[in-house]
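Undergrad: To be precise about what I am sending: the file is called run-v3.pdb and holds PDB, C-alpha atoms.
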ATOM      1  CA  MET A   1      -6.193  64.192  -4.651  1.00  0.00           C
ATOM      2  CA  SER A   2      -8.251  61.498  -2.928  1.00  0.00           C
ATOM      3  CA  GLU A   3     -11.528  62.180  -1.223  1.00  0.00           C
ATOM      4  CA  ASP A   4     -12.139  61.882   2.449  1.00  0.00           C
ATOM      5  CA  PRO A   5     -13.048  58.265   3.459  1.00  0.00           C
ATOM      6  CA  GLU A   6     -15.907  59.589   5.581  1.00  0.00           C
ATOM      7  CA  LEU A   7     -17.326  61.458   2.601  1.00  0.00           C
ATOM      8  CA  GLU A   8     -17.012  58.326   0.456  1.00  0.00           C
ATOM      9  CA  ALA A   9     -18.895  56.311   3.091  1.00  0.00           C
ATOM     10  CA  LEU A  10     -21.664  58.917   3.205  1.00  0.00           C
ATOM     11  CA  LYS A  11     -21.921  58.895  -0.599  1.00  0.00           C
ATOM     12  CA  ARG A  12     -22.167  55.091  -0.660  1.00  0.00           C
ATOM     13  CA  GLN A  13     -24.796  55.154   2.088  1.00  0.00           C
ATOM     14  CA  ARG A  14     -26.832  57.790   0.253  1.00  0.00           C
ATOM     15  CA  LEU A  15     -26.597  55.829  -2.996  1.00  0.00           C
ATOM     16  CA  MET A  16     -27.852  52.706  -1.217  1.00  0.00           C
ATOM     17  CA  GLN A  17     -30.755  54.679   0.266  1.00  0.00           C
ATOM     18  CA  LEU A  18     -31.713  56.015  -3.163  1.00  0.00           C
ATOM     19  CA  GLN A  19     -31.555  52.534  -4.680  1.00  0.00           C
ATOM     20  CA  GLN A  20     -33.745  51.167  -1.875  1.00  0.00           C
ATOM     21  CA  GLN A  21     -36.284  53.974  -2.398  1.00  0.00           C
ATOM     22  CA  ALA A  22     -36.343  53.254  -6.127  1.00  0.00           C
ATOM     23  CA  LYS A  23     -36.999  49.554  -5.449  1.00  0.00           C
ATOM     24  CA  GLU A  24     -39.818  50.392  -3.035  1.00  0.00           C
ATOM     25  CA  GLN A  25     -41.383  52.783  -5.545  1.00  0.00           C
ATOM     26  CA  GLU A  26     -41.197  50.129  -8.251  1.00  0.00           C
ATOM     27  CA  ILE A  27     -42.887  47.588  -5.982  1.00  0.00           C
ATOM     28  CA  GLN A  28     -45.650  50.072  -5.123  1.00  0.00           C
ATOM     29  CA  LYS A  29     -46.116  50.819  -8.810  1.00  0.00           C
ATOM     30  CA  GLU A  30     -46.436  47.106  -9.614  1.00  0.00           C
ATOM     31  CA  ILE A  31     -48.949  46.613  -6.798  1.00  0.00           C
ATOM     32  CA  GLU A  32     -51.064  49.515  -8.080  1.00  0.00           C
ATOM     33  CA  ILE A  33     -50.951  48.174 -11.646  1.00  0.00           C
ATOM     34  CA  ARG A  34     -52.089  44.765 -10.394  1.00  0.00           C
ATOM     35  CA  ARG A  35     -54.906  46.348  -8.339  1.00  0.00           C
ATOM     36  CA  GLN A  36     -56.113  48.239 -11.407  1.00  0.00           C
ATOM     37  CA  GLN A  37     -56.031  45.074 -13.520  1.00  0.00           C
ATOM     38  CA  ILE A  38     -58.136  43.213 -10.966  1.00  0.00           C
ATOM     39  CA  LEU A  39     -60.610  46.091 -10.690  1.00  0.00           C
ATOM     40  CA  ARG A  40     -60.854  46.392 -14.473  1.00  0.00           C
ATOM     41  CA  ALA A  41     -61.778  42.707 -14.729  1.00  0.00           C
ATOM     42  CA  ALA A  42     -64.091  42.747 -11.697  1.00  0.00           C
ATOM     43  CA  LEU A  43     -66.222  45.792 -12.624  1.00  0.00           C
ATOM     44  CA  THR A  44     -68.466  46.719 -15.525  1.00  0.00           C
ATOM     45  CA  PRO A  45     -67.535  49.972 -17.300  1.00  0.00           C
ATOM     46  CA  GLU A  46     -70.401  51.797 -15.551  1.00  0.00           C
ATOM     47  CA  ALA A  47     -69.299  50.529 -12.146  1.00  0.00           C
ATOM     48  CA  ARG A  48     -65.692  51.550 -12.885  1.00  0.00           C
ATOM     49  CA  GLU A  49     -66.884  55.028 -13.772  1.00  0.00           C
ATOM     50  CA  ARG A  50     -68.882  55.265 -10.545  1.00  0.00           C
ATOM     51  CA  LEU A  51     -65.904  54.059  -8.523  1.00  0.00           C
ATOM     52  CA  ASN A  52     -63.742  56.774 -10.115  1.00  0.00           C
ATOM     53  CA  ASN A  53     -66.367  59.373  -9.206  1.00  0.00           C
ATOM     54  CA  ILE A  54     -66.481  58.068  -5.641  1.00  0.00           C
ATOM     55  CA  LYS A  55     -62.684  58.226  -5.536  1.00  0.00           C
ATOM     56  CA  MET A  56     -62.802  61.948  -6.314  1.00  0.00           C
ATOM     57  CA  ALA A  57     -65.576  62.733  -3.817  1.00  0.00           C
ATOM     58  CA  ARG A  58     -64.798  60.262  -1.014  1.00  0.00           C
ATOM     59  CA  PRO A  59     -61.363  58.632  -1.414  1.00  0.00           C
ATOM     60  CA  GLU A  60     -61.749  56.720   1.863  1.00  0.00           C
ATOM     61  CA  TYR A  61     -64.934  55.024   0.619  1.00  0.00           C
ATOM     62  CA  ALA A  62     -63.311  54.234  -2.723  1.00  0.00           C
ATOM     63  CA  THR A  63     -60.376  52.566  -0.987  1.00  0.00           C
ATOM     64  CA  ILE A  64     -62.707  50.431   1.129  1.00  0.00           C
ATOM     65  CA  LEU A  65     -64.718  49.451  -1.943  1.00  0.00           C
ATOM     66  CA  GLU A  66     -61.607  48.648  -3.953  1.00  0.00           C
ATOM     67  CA  ASN A  67     -60.229  46.467  -1.170  1.00  0.00           C
ATOM     68  CA  GLN A  68     -63.523  44.587  -0.850  1.00  0.00           C
ATOM     69  CA  ILE A  69     -63.767  44.014  -4.602  1.00  0.00           C
ATOM     70  CA  ILE A  70     -60.154  42.829  -4.805  1.00  0.00           C
ATOM     71  CA  GLN A  71     -60.712  40.423  -1.906  1.00  0.00           C
ATOM     72  CA  LEU A  72     -63.803  39.007  -3.618  1.00  0.00           C
ATOM     73  CA  ALA A  73     -61.939  38.637  -6.903  1.00  0.00           C
ATOM     74  CA  GLN A  74     -58.923  36.966  -5.302  1.00  0.00           C
ATOM     75  CA  ALA A  75     -61.195  34.543  -3.420  1.00  0.00           C
ATOM     76  CA  ASN A  76     -62.890  33.658  -6.743  1.00  0.00           C
ATOM     77  CA  GLN A  77     -66.262  34.755  -5.388  1.00  0.00           C
ATOM     78  CA  LEU A  78     -67.152  36.834  -8.449  1.00  0.00           C
ATOM     79  CA  ARG A  79     -68.943  34.877 -11.132  1.00  0.00           C
ATOM     80  CA  GLN A  80     -69.461  37.969 -13.281  1.00  0.00           C
ATOM     81  CA  PRO A  81     -68.315  41.598 -13.152  1.00  0.00           C
ATOM     82  CA  ILE A  82     -69.870  43.799 -10.482  1.00  0.00           C
ATOM     83  CA  THR A  83     -72.540  46.057 -11.942  1.00  0.00           C
ATOM     84  CA  ASP A  84     -73.227  49.673 -11.105  1.00  0.00           C
ATOM     85  CA  GLU A  85     -76.263  48.634  -9.033  1.00  0.00           C
ATOM     86  CA  GLN A  86     -74.213  46.137  -7.038  1.00  0.00           C
ATOM     87  CA  LEU A  87     -71.556  48.766  -6.433  1.00  0.00           C
ATOM     88  CA  LYS A  88     -74.238  51.152  -5.152  1.00  0.00           C
ATOM     89  CA  LEU A  89     -75.388  48.478  -2.685  1.00  0.00           C
ATOM     90  CA  MET A  90     -71.829  47.926  -1.478  1.00  0.00           C
ATOM     91  CA  LEU A  91     -71.408  51.674  -1.012  1.00  0.00           C
ATOM     92  CA  LYS A  92     -74.707  51.868   0.873  1.00  0.00           C
ATOM     93  CA  HIS A  93     -73.544  49.170   3.308  1.00  0.00           C
ATOM     94  CA  ILE A  94     -70.267  50.994   3.886  1.00  0.00           C
ATOM     95  CA  THR A  95     -71.936  54.342   4.549  1.00  0.00           C
ATOM     96  CA  GLU A  96     -74.483  52.741   6.885  1.00  0.00           C
ATOM     97  CA  ARG A  97     -71.723  51.117   8.920  1.00  0.00           C
ATOM     98  CA  ARG A  98     -69.902  54.447   9.128  1.00  0.00           C
ATOM     99  CA  ARG A  99     -73.015  56.228  10.389  1.00  0.00           C
ATOM    100  CA  GLU A 100     -73.681  53.568  13.007  1.00  0.00           C
ATOM    101  CA  SER A 101     -70.203  53.903  14.430  1.00  0.00           C
ATOM    102  CA  LYS A 102     -70.460  57.629  15.164  1.00  0.00           C
ATOM    103  CA  ILE A 103     -70.799  58.666  18.785  1.00  0.00           C
ATOM    104  CA  ILE A 104     -73.009  61.652  19.504  1.00  0.00           C
ATOM    105  CA  PHE A 105     -72.645  63.690  22.644  1.00  0.00           C
ATOM    106  CA  LYS A 106     -75.577  65.768  23.827  1.00  0.00           C
ATOM    107  CA  LYS A 107     -75.275  68.810  26.047  1.00  0.00           C
ATOM    108  CA  ARG A 108     -77.336  68.966  29.200  1.00  0.00           C
TER     109      ARG A 108
END
Please re-express this file's structure in C-alpha coordinates.
TA:
Amino acid sequence: MSEDPELEALKRQRLMQLQQQAKEQEIQKEIEIRRQQILRAALTPEARERLNNIKMARPEYATILENQIIQLAQANQLRQPITDEQLKLMLKHITERRRESKIIFKKR
(Lines of atoms letter the chains of each structure in order from A and count residues from 1; the text may use other names and numbers.)
(Lines give C-alpha, C1' and ligand atoms only; values in the text may rest on other atoms or scores of the structure.)
Protein backbone atom coordinates (compact mmCIF):
# COMPACT_ATOMS: atom_id res chain seq x y z
CA MET A 1 0.00 0.00 0.00
CA SER A 2 1.68 3.21 -1.16
CA GLU A 3 0.95 6.58 0.33
CA ASP A 4 -0.70 9.41 -1.46
CA PRO A 5 1.85 11.51 -3.47
CA GLU A 6 0.28 14.69 -2.11
CA LEU A 7 0.76 13.47 1.45
CA GLU A 8 4.38 12.56 0.68
CA ALA A 9 4.98 16.07 -0.71
CA LEU A 10 3.47 17.64 2.41
CA LYS A 11 5.65 15.44 4.64
CA ARG A 12 8.78 16.42 2.70
CA GLN A 13 7.82 20.09 2.87
CA ARG A 14 7.20 19.88 6.62
CA LEU A 15 10.51 18.09 7.16
CA MET A 16 12.32 20.83 5.22
CA GLN A 17 10.59 23.50 7.32
CA LEU A 18 11.64 21.77 10.54
CA GLN A 19 15.23 21.45 9.33
CA GLN A 20 15.28 25.15 8.40
CA GLN A 21 13.91 26.10 11.84
CA ALA A 22 16.56 23.96 13.51
CA LYS A 23 19.30 25.68 11.48
CA GLU A 24 17.95 29.12 12.39
CA GLN A 25 17.79 28.19 16.07
CA GLU A 26 21.36 26.93 15.96
CA ILE A 27 22.53 30.17 14.35
CA GLN A 28 20.71 32.23 16.99
CA LYS A 29 22.26 30.10 19.72
CA GLU A 30 25.75 30.64 18.28
CA ILE A 31 25.17 34.39 18.03
CA GLU A 32 24.05 34.53 21.67
CA ILE A 33 27.06 32.50 22.81
CA ARG A 34 29.37 34.88 20.93
CA ARG A 35 27.62 37.93 22.45
CA GLN A 36 28.08 36.49 25.93
CA GLN A 37 31.76 35.79 25.27
CA ILE A 38 32.33 39.37 24.15
CA LEU A 39 30.44 40.76 27.15
CA ARG A 40 32.35 38.50 29.54
CA ALA A 41 35.65 39.83 28.19
CA ALA A 42 34.48 43.46 28.00
CA LEU A 43 33.05 43.80 31.54
CA THR A 44 34.43 43.45 35.04
CA PRO A 45 32.59 40.93 37.25
CA GLU A 46 30.83 43.77 39.10
CA ALA A 47 29.71 45.37 35.84
CA ARG A 48 28.46 41.99 34.56
CA GLU A 49 26.45 41.56 37.73
CA ARG A 50 24.94 45.03 37.35
CA LEU A 51 24.09 44.34 33.71
CA ASN A 52 22.30 41.13 34.75
CA ASN A 53 20.33 43.10 37.34
CA ILE A 54 19.43 45.71 34.73
CA LYS A 55 18.36 42.91 32.40
CA MET A 56 15.84 41.70 34.97
CA ALA A 57 14.47 45.17 35.78
CA ARG A 58 14.72 46.88 32.38
CA PRO A 59 15.45 44.43 29.54
CA GLU A 60 15.26 47.19 26.92
CA TYR A 61 18.04 49.16 28.64
CA ALA A 62 20.15 46.01 29.02
CA THR A 63 19.84 45.28 25.31
CA ILE A 64 20.92 48.81 24.41
CA LEU A 65 23.87 48.60 26.80
CA GLU A 66 24.90 45.19 25.51
CA ASN A 67 24.79 46.38 21.91
CA GLN A 68 26.88 49.45 22.74
CA ILE A 69 29.47 47.40 24.63
CA ILE A 70 29.70 44.84 21.82
CA GLN A 71 30.15 47.60 19.24
CA LEU A 72 32.95 49.14 21.31
CA ALA A 73 34.63 45.76 21.74
CA GLN A 74 34.38 44.88 18.05
CA ALA A 75 35.80 48.29 17.09
CA ASN A 76 38.74 47.66 19.47
CA GLN A 77 37.90 50.79 21.44
CA LEU A 78 38.13 49.07 24.83
CA ARG A 79 41.60 49.15 26.33
CA GLN A 80 40.43 47.51 29.55
CA PRO A 81 37.19 45.95 30.79
CA ILE A 82 34.31 48.31 31.53
CA THR A 83 33.93 48.89 35.25
CA ASP A 84 30.73 49.14 37.24
CA GLU A 85 31.12 52.93 37.42
CA GLN A 86 31.54 53.20 33.66
CA LEU A 87 28.49 51.03 33.14
CA LYS A 88 26.49 53.31 35.44
CA LEU A 89 27.53 56.31 33.32
CA MET A 90 26.48 54.53 30.13
CA LEU A 91 23.13 53.69 31.71
CA LYS A 92 22.70 57.30 32.84
CA HIS A 93 23.24 58.55 29.28
CA ILE A 94 20.70 56.07 27.93
CA THR A 95 18.04 57.00 30.48
CA GLU A 96 18.62 60.72 29.90
CA ARG A 97 18.16 60.29 26.16
CA ARG A 98 14.96 58.34 26.77
CA ARG A 99 13.55 61.07 29.01
CA GLU A 100 14.39 63.79 26.51
CA SER A 101 12.53 62.02 23.75
CA LYS A 102 9.20 61.86 25.59
CA ILE A 103 6.45 64.16 24.40
CA ILE A 104 4.17 65.61 27.05
CA PHE A 105 0.72 66.87 26.25
CA LYS A 106 -0.91 69.35 28.59
CA LYS A 107 -4.65 69.86 28.88
CA ARG A 108 -6.04 73.35 28.53
Undergrad: Could you jot down the atom CA of Arg50 of chain A to atom CA of Asn67 of chain A separation for me, Å, one decimal place?
TA: 15.5 Å
Undergrad: Around the point (-63.1, 55.2, -4.2) (coordinates from the file), which residues reach within 12 Å if we count only C-alpha atoms? Answer as a PDB file with C-alpha atoms, keeping the file's coordinate frame.
TA:
ATOM      1  CA  LEU A  39     -60.610  46.091 -10.690  1.00  0.00           C
ATOM      2  CA  ALA A  47     -69.299  50.529 -12.146  1.00  0.00           C
ATOM      3  CA  ARG A  48     -65.692  51.550 -12.885  1.00  0.00           C
ATOM      4  CA  GLU A  49     -66.884  55.028 -13.772  1.00  0.00           C
ATOM      5  CA  ARG A  50     -68.882  55.265 -10.545  1.00  0.00           C
ATOM      6  CA  LEU A  51     -65.904  54.059  -8.523  1.00  0.00           C
ATOM      7  CA  ASN A  52     -63.742  56.774 -10.115  1.00  0.00           C
ATOM      8  CA  ASN A  53     -66.367  59.373  -9.206  1.00  0.00           C
ATOM      9  CA  ILE A  54     -66.481  58.068  -5.641  1.00  0.00           C
ATOM     10  CA  LYS A  55     -62.684  58.226  -5.536  1.00  0.00           C
ATOM     11  CA  MET A  56     -62.802  61.948  -6.314  1.00  0.00           C
ATOM     12  CA  ALA A  57     -65.576  62.733  -3.817  1.00  0.00           C
ATOM     13  CA  ARG A  58     -64.798  60.262  -1.014  1.00  0.00           C
ATOM     14  CA  PRO A  59     -61.363  58.632  -1.414  1.00  0.00           C
ATOM     15  CA  GLU A  60     -61.749  56.720   1.863  1.00  0.00           C
ATOM     16  CA  TYR A  61     -64.934  55.024   0.619  1.00  0.00           C
ATOM     17  CA  ALA A  62     -63.311  54.234  -2.723  1.00  0.00           C
ATOM     18  CA  THR A  63     -60.376  52.566  -0.987  1.00  0.00           C
ATOM     19  CA  ILE A  64     -62.707  50.431   1.129  1.00  0.00           C
ATOM     20  CA  LEU A  65     -64.718  49.451  -1.943  1.00  0.00           C
ATOM     21  CA  GLU A  66     -61.607  48.648  -3.953  1.00  0.00           C
ATOM     22  CA  ASN A  67     -60.229  46.467  -1.170  1.00  0.00           C
ATOM     23  CA  GLN A  68     -63.523  44.587  -0.850  1.00  0.00           C
ATOM     24  CA  ILE A  69     -63.767  44.014  -4.602  1.00  0.00           C
ATOM     25  CA  LEU A  87     -71.556  48.766  -6.433  1.00  0.00           C
ATOM     26  CA  LYS A  88     -74.238  51.152  -5.152  1.00  0.00           C
ATOM     27  CA  MET A  90     -71.829  47.926  -1.478  1.00  0.00           C
ATOM     28  CA  LEU A  91     -71.408  51.674  -1.012  1.00  0.00           C
ATOM     29  CA  ILE A  94     -70.267  50.994   3.886  1.00  0.00           C
TER      30      ILE A  94
END
Undergrad: With 3 Å of padding per side, what axis-aligned box (centre and edge lengths, Å, one decimal) covers all the listed atoms of segment 16-22 of chain A? Give it as lines of an AutoDock Vina configuration file.
TA:
center_x = -32.1
center_y = 53.6
center_z = -2.9
size_x = 14.5
size_y = 10.8
size_z = 12.4
Undergrad: What does the structure give for the distance between atom CA of Arg98 of chain A and atom CA of Ile70 of chain A, in Å to one decimal?
TA: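 Going from atom CA of Arg98 of chain A over to atom CA of Ile70 of chain A covers 20.6 Å.
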Undergrad: Between atom CA of Gln74 of chain A and atom CA of Ile38 of chain A, what is the spacing in Å?
TA: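 Rounded to one decimal, the two atoms are 8.5 Å apart.
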Undergrad: Do a neighbour search on Ala73 of chain A at 12 Å with all atoms listed in the file, toss out local chain neighbours closer than 6 positions, and write the hits as a ChimeraX atom specification.
TA: /A:35,37-43,66-67,79-82
Undergrad: For the selection you just gave me, I'd like the residues written to a file as a short mmCIF file (atom, residue, chain, number, x, y, z; two decimals), keeping the file's coordinate frame, keeping C-alpha atoms.
TA:
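The file below, part_11.cif, is the result:
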data_model
loop_
_atom_site.label_atom_id
_atom_site.label_comp_id
_atom_site.auth_asym_id
_atom_site.auth_seq_id
_atom_site.Cartn_x
_atom_site.Cartn_y
_atom_site.Cartn_z
CA ARG A 35 -54.91 46.35 -8.34
CA GLN A 37 -56.03 45.07 -13.52
CA ILE A 38 -58.14 43.21 -10.97
CA LEU A 39 -60.61 46.09 -10.69
CA ARG A 40 -60.85 46.39 -14.47
CA ALA A 41 -61.78 42.71 -14.73
CA ALA A 42 -64.09 42.75 -11.70
CA LEU A 43 -66.22 45.79 -12.62
CA GLU A 66 -61.61 48.65 -3.95
CA ASN A 67 -60.23 46.47 -1.17
CA ARG A 79 -68.94 34.88 -11.13
CA GLN A 80 -69.46 37.97 -13.28
CA PRO A 81 -68.32 41.60 -13.15
CA ILE A 82 -69.87 43.80 -10.48
#
